Amino acid sequence: LLSSLVKHEKLETVSNFAASVSHELRNPIQSIKGFVQLMKEHEYSRDKQLEFYDTMLSEIKAADQLIEDYLVFAKPVFAKLETVSVKTEVEHVVKVLKPFASWQKVEIQLLKNGGDAHILADRQKFHQALINIIRNGIEAMPAGGTFKIQIKQSASKVAIILMDEGIGMSKEEVQRLGEPYFSTKSKGTGLGMMVAYSIVRQMNGEIGVHSEKGKGTVFNVEFPLV
Ligand code: ADP
Ligand code: MG
């Protein structure tokens with residue numbers, strides 16, 4: 001059911017990204033700077049001011065999003081690999097995303113499962129990969145819904161299955177997942193999935209995707225057990 005999708009060729013570009021992202025950050029910062037200067041030099045009507053504030057807020061949001069999606073590359077090397085419990089780390093990520101989810105009227109369900117699989121991970125980066133995938137799932141449900149997470153352990157592997165009931169993707173969109181700057185969102189960075197693929201690959205994991213337009217998307221993130 002889950003078609004495996006590995007992005008090798010596109011990840012080669014990742015190392016050049018620090019420069020590219022700082023360049024991207026300059027756009028919103030320059031724009032905010034411009035508005036502040038304008039408002040310092042002229043007396044604007046309240047309506048005009050409010051319009052400027054809204055634009056500035058949305059530029060700040062864009063910069064913030066870029067930093068959030070990309071945070072992980074601030075430290076390009078995997079700090080320390082340690083043995084972590086998948087369940088514990090997933091629970092942590094769910095807690096972190098709760099406020100964002102409830103704001104979007106999405107309930108995150110962590111389906112009960114007996115096992116306690118352990119994998120080798122850089123904790124922070126593992127969180128970042130999961131957060132980037134789950135955040136997309138939540139964003140794919142503009143009218144709210146349920147986001148389900150299941151942890152499945154087999155003899156040598158553990159799979160984290162992340163399921164949304166959102167807008168889904170076409171075949172072409174699934175193909176382009178992980179491509180730098182590929183985004184269908186008006187204020188998207190198109191970096192979240194690239195970062196997620198890169199981290200999972202560095203952890204010797206794999207990501208499989210199954211998506212249906214109008215139905216939802218399932219991400220299957222697999223890692224070798226310790
Ligand atoms: P961004 O979220 O900033 O657009 P990402 O790299 O996180 O960038 O995602 C790239 C694109 O992949 C999104 O714009 C969206 O089109 C698509 N996508 C990713 N996850 C999902 C999902 N769960 N449901 C629908 N589309 C998705
Ligand atoms: Mg995203």
# chains A, B, ... in the order shown; residues from 1 in each chain; ligands from 1
>>> residues_near_ligand(ligand="ligand 1", cutoff="7 Å", atoms="only C-alpha atoms and all ligand atoms", output="list in words")
Asn132, Ile133, Asn136, Gly137, Ala140, Asp164, Gly166, Ile167, Gly168, Met169, Glu173, Leu177, Gly178, Tyr181, Phe182, Ser183, Thr184, Lys185, Lys187, Gly188, Thr189, Gly190, Leu191, Gly192, Met193, Met194, Gly216 and Thr217 of chain A
>>> residues_around(residues="range 154-162 of chain A", least_positions_apart="3", cutoff="8 Å", atoms="only C-alpha atoms", output="ChimeraX atom specification")
/A:117,134,147-151,218-225
>>> atom_distance(atom1="CA of Arg26 in chain A", atom2="CA of Asp47 in chain A")
27.1 Å
>>> select_by_dssp(residues="range 27-210 of chain A", states="strand (DSSP E or B)", output="PyMOL selection string")
chain A and resi 82-85+106-110+118-121+145-153+157-164+206-210
>>> write_last_selection(atoms="N, CA and C atoms", output="compact mmCIF listing (two decimals), in the first residue's frame")
# COMPACT_ATOMS: atom_id res chain seq x y z
N GLU A 82 22.06 9.15 20.20
CA GLU A 82 21.80 8.40 21.41
C GLU A 82 20.65 7.45 21.19
N THR A 83 20.53 6.47 22.07
CA THR A 83 19.43 5.53 21.97
C THR A 83 18.20 6.18 22.57
N VAL A 84 17.16 6.30 21.77
CA VAL A 84 15.94 6.94 22.27
C VAL A 84 14.73 6.02 22.07
N SER A 85 13.75 6.21 22.91
CA SER A 85 12.50 5.48 22.78
C SER A 85 11.62 6.23 21.78
N VAL A 106 -7.58 20.60 15.03
CA VAL A 106 -7.15 19.24 14.72
C VAL A 106 -6.82 18.52 16.03
N GLU A 107 -7.32 17.30 16.13
CA GLU A 107 -6.99 16.48 17.29
C GLU A 107 -5.91 15.49 16.89
N ILE A 108 -4.84 15.43 17.67
CA ILE A 108 -3.79 14.46 17.38
C ILE A 108 -4.02 13.23 18.25
N GLN A 109 -4.16 12.08 17.58
CA GLN A 109 -4.37 10.83 18.31
C GLN A 109 -3.14 9.95 18.19
N LEU A 110 -2.57 9.59 19.32
CA LEU A 110 -1.47 8.64 19.31
C LEU A 110 -2.07 7.28 19.65
N HIS A 118 13.36 1.15 20.34
CA HIS A 118 14.42 2.13 20.51
C HIS A 118 15.23 2.26 19.22
N ILE A 119 15.59 3.50 18.91
CA ILE A 119 16.41 3.75 17.72
C ILE A 119 17.55 4.70 18.08
N LEU A 120 18.50 4.81 17.15
CA LEU A 120 19.60 5.75 17.33
C LEU A 120 19.19 7.08 16.70
N ALA A 121 19.28 8.14 17.50
CA ALA A 121 18.83 9.43 16.95
C ALA A 121 19.54 10.60 17.61
N GLY A 145 -9.96 18.27 11.93
CA GLY A 145 -10.07 16.82 11.75
C GLY A 145 -9.19 16.10 12.74
N THR A 146 -8.85 14.86 12.40
CA THR A 146 -8.03 14.05 13.30
C THR A 146 -6.72 13.68 12.60
N PHE A 147 -5.65 13.82 13.32
CA PHE A 147 -4.35 13.39 12.82
C PHE A 147 -3.94 12.18 13.66
N LYS A 148 -3.74 11.04 12.98
CA LYS A 148 -3.44 9.82 13.72
C LYS A 148 -1.98 9.42 13.59
N ILE A 149 -1.44 8.95 14.70
CA ILE A 149 -0.05 8.47 14.70
C ILE A 149 -0.03 7.06 15.27
N GLN A 150 0.66 6.18 14.54
CA GLN A 150 0.78 4.81 15.01
C GLN A 150 2.24 4.39 14.96
N ILE A 151 2.68 3.68 15.98
CA ILE A 151 4.05 3.16 15.98
C ILE A 151 3.96 1.65 15.83
N LYS A 152 4.63 1.13 14.78
CA LYS A 152 4.55 -0.30 14.51
C LYS A 152 5.94 -0.90 14.52
N GLN A 153 6.15 -1.88 15.36
CA GLN A 153 7.46 -2.49 15.47
C GLN A 153 7.46 -3.86 14.81
N LYS A 157 12.80 -3.47 12.44
CA LYS A 157 12.48 -2.07 12.11
C LYS A 157 11.34 -1.54 12.97
N VAL A 158 11.26 -0.21 13.01
CA VAL A 158 10.08 0.41 13.61
C VAL A 158 9.56 1.44 12.61
N ALA A 159 8.25 1.45 12.46
CA ALA A 159 7.62 2.40 11.54
C ALA A 159 6.77 3.37 12.34
N ILE A 160 6.92 4.66 12.00
CA ILE A 160 6.05 5.67 12.58
C ILE A 160 5.10 6.05 11.45
N ILE A 161 3.83 5.78 11.65
CA ILE A 161 2.85 6.04 10.59
C ILE A 161 2.06 7.28 10.95
N LEU A 162 2.11 8.27 10.04
CA LEU A 162 1.53 9.58 10.30
C LEU A 162 0.41 9.83 9.30
N MET A 163 -0.81 9.90 9.79
CA MET A 163 -1.97 9.93 8.89
C MET A 163 -2.83 11.18 9.08
N ASP A 164 -3.04 11.91 7.97
CA ASP A 164 -3.98 13.02 8.06
C ASP A 164 -5.18 12.76 7.16
N GLU A 206 13.86 5.60 6.19
CA GLU A 206 13.23 5.77 4.88
C GLU A 206 11.84 6.35 5.06
N ILE A 207 11.43 7.12 4.07
CA ILE A 207 10.08 7.69 4.13
C ILE A 207 9.26 7.16 2.96
N GLY A 208 8.09 6.61 3.25
CA GLY A 208 7.16 6.20 2.21
C GLY A 208 5.93 7.11 2.27
N VAL A 209 5.36 7.38 1.12
CA VAL A 209 4.19 8.27 1.08
C VAL A 209 3.06 7.63 0.30
N HIS A 210 1.87 7.73 0.84
CA HIS A 210 0.69 7.34 0.10
C HIS A 210 -0.31 8.47 0.25
>>> atom_distance(atom1="CA of Pro28 in chain A", atom2="CA of Asp54 in chain A")
13.0 Å
>>> select_by_dssp(residues="range 23-203 of chain A", states="alpha helix (DSSP H)", output="count of residues only")
96
>>> closest_residue(among="A:Glu179, A:Glu139, A:Asp122, A:Glu89", to="Lys105 in chain A", atoms="only C-alpha atoms")
A:Glu139
>>> closest_residue(among="A:Gly214, A:Gly205, A:Asp69, A:Ala143", to="ligand 2", atoms="only C-alpha atoms and all ligand atoms")
A:Asp69
>>> atom_distance(atom1="CA of Lys33 in chain A", atom2="CA of Ser186 in chain A")
21.6 Å
>>> closest_residue(among="A:Lys171, A:Lys40, A:Arg176, A:Arg135", to="ligand 2", atoms="only C-alpha atoms and all ligand atoms")
A:Arg135
>>> closest_residue(among="A:Gln30, A:Gln128, A:Thr55, A:Ser22", to="ligand 2", atoms="only C-alpha atoms and all ligand atoms")
A:Gln128
>>> decode(residues="range 142-202 of chain A", atoms="C-alpha atoms", output="PDB file, in the first residue's frame")
ATOM      1  CA  PRO A 142      -8.132  23.624   6.983  1.00  0.00           C
ATOM      2  CA  ALA A 143     -11.500  22.579   8.374  1.00  0.00           C
ATOM      3  CA  GLY A 144      -9.943  20.568  11.176  1.00  0.00           C
ATOM      4  CA  GLY A 145     -10.068  16.816  11.750  1.00  0.00           C
ATOM      5  CA  THR A 146      -8.027  14.049  13.299  1.00  0.00           C
ATOM      6  CA  PHE A 147      -4.346  13.386  12.821  1.00  0.00           C
ATOM      7  CA  LYS A 148      -3.438   9.819  13.725  1.00  0.00           C
ATOM      8  CA  ILE A 149      -0.052   8.472  14.702  1.00  0.00           C
ATOM      9  CA  GLN A 150       0.778   4.809  15.010  1.00  0.00           C
ATOM     10  CA  ILE A 151       4.047   3.159  15.981  1.00  0.00           C
ATOM     11  CA  LYS A 152       4.553  -0.303  14.515  1.00  0.00           C
ATOM     12  CA  GLN A 153       7.461  -2.494  15.466  1.00  0.00           C
ATOM     13  CA  SER A 154       8.668  -5.500  13.496  1.00  0.00           C
ATOM     14  CA  ALA A 155      11.698  -7.784  13.898  1.00  0.00           C
ATOM     15  CA  SER A 156      14.342  -5.304  12.771  1.00  0.00           C
ATOM     16  CA  LYS A 157      12.480  -2.072  12.114  1.00  0.00           C
ATOM     17  CA  VAL A 158      10.085   0.409  13.610  1.00  0.00           C
ATOM     18  CA  ALA A 159       7.622   2.404  11.539  1.00  0.00           C
ATOM     19  CA  ILE A 160       6.046   5.668  12.575  1.00  0.00           C
ATOM     20  CA  ILE A 161       2.853   6.038  10.590  1.00  0.00           C
ATOM     21  CA  LEU A 162       1.529   9.583  10.300  1.00  0.00           C
ATOM     22  CA  MET A 163      -1.974   9.932   8.891  1.00  0.00           C
ATOM     23  CA  ASP A 164      -3.983  13.025   8.057  1.00  0.00           C
ATOM     24  CA  GLU A 165      -7.435  13.374   6.538  1.00  0.00           C
ATOM     25  CA  GLY A 166      -6.500  16.495   4.639  1.00  0.00           C
ATOM     26  CA  ILE A 167      -6.503  17.735   1.060  1.00  0.00           C
ATOM     27  CA  GLY A 168      -4.057  15.095  -0.157  1.00  0.00           C
ATOM     28  CA  MET A 169      -1.622  15.358  -3.043  1.00  0.00           C
ATOM     29  CA  SER A 170      -1.549  14.497  -6.727  1.00  0.00           C
ATOM     30  CA  LYS A 171       1.078  12.053  -8.031  1.00  0.00           C
ATOM     31  CA  GLU A 172       3.095  14.998  -9.316  1.00  0.00           C
ATOM     32  CA  GLU A 173       3.009  16.708  -5.927  1.00  0.00           C
ATOM     33  CA  VAL A 174       4.130  13.518  -4.184  1.00  0.00           C
ATOM     34  CA  GLN A 175       7.001  13.273  -6.692  1.00  0.00           C
ATOM     35  CA  ARG A 176       8.118  16.791  -5.846  1.00  0.00           C
ATOM     36  CA  LEU A 177       8.051  16.325  -2.067  1.00  0.00           C
ATOM     37  CA  GLY A 178      11.423  17.213  -0.593  1.00  0.00           C
ATOM     38  CA  GLU A 179      12.441  19.354  -3.516  1.00  0.00           C
ATOM     39  CA  PRO A 180      13.836  22.634  -2.169  1.00  0.00           C
ATOM     40  CA  TYR A 181      11.266  25.448  -2.307  1.00  0.00           C
ATOM     41  CA  PHE A 182       8.474  23.238  -3.627  1.00  0.00           C
ATOM     42  CA  SER A 183       5.377  24.599  -1.916  1.00  0.00           C
ATOM     43  CA  THR A 184       1.711  24.918  -2.825  1.00  0.00           C
ATOM     44  CA  LYS A 185       1.076  27.314   0.082  1.00  0.00           C
ATOM     45  CA  SER A 186       0.912  31.073  -0.313  1.00  0.00           C
ATOM     46  CA  LYS A 187       3.313  31.569   2.605  1.00  0.00           C
ATOM     47  CA  GLY A 188       5.113  28.232   2.410  1.00  0.00           C
ATOM     48  CA  THR A 189       8.881  27.804   2.651  1.00  0.00           C
ATOM     49  CA  GLY A 190       9.062  24.560   0.706  1.00  0.00           C
ATOM     50  CA  LEU A 191      11.882  23.507   3.019  1.00  0.00           C
ATOM     51  CA  GLY A 192      10.098  21.463   5.669  1.00  0.00           C
ATOM     52  CA  MET A 193      10.034  18.220   3.715  1.00  0.00           C
ATOM     53  CA  MET A 194      13.557  18.645   2.382  1.00  0.00           C
ATOM     54  CA  VAL A 195      14.754  18.927   5.970  1.00  0.00           C
ATOM     55  CA  ALA A 196      12.652  15.927   7.032  1.00  0.00           C
ATOM     56  CA  TYR A 197      14.010  13.722   4.208  1.00  0.00           C
ATOM     57  CA  SER A 198      17.544  14.771   4.962  1.00  0.00           C
ATOM     58  CA  ILE A 199      17.265  13.950   8.672  1.00  0.00           C
ATOM     59  CA  VAL A 200      15.555  10.617   8.126  1.00  0.00           C
ATOM     60  CA  ARG A 201      18.196   9.625   5.610  1.00  0.00           C
ATOM     61  CA  GLN A 202      20.982  10.578   8.025  1.00  0.00           C
TER      62      GLN A 202
END
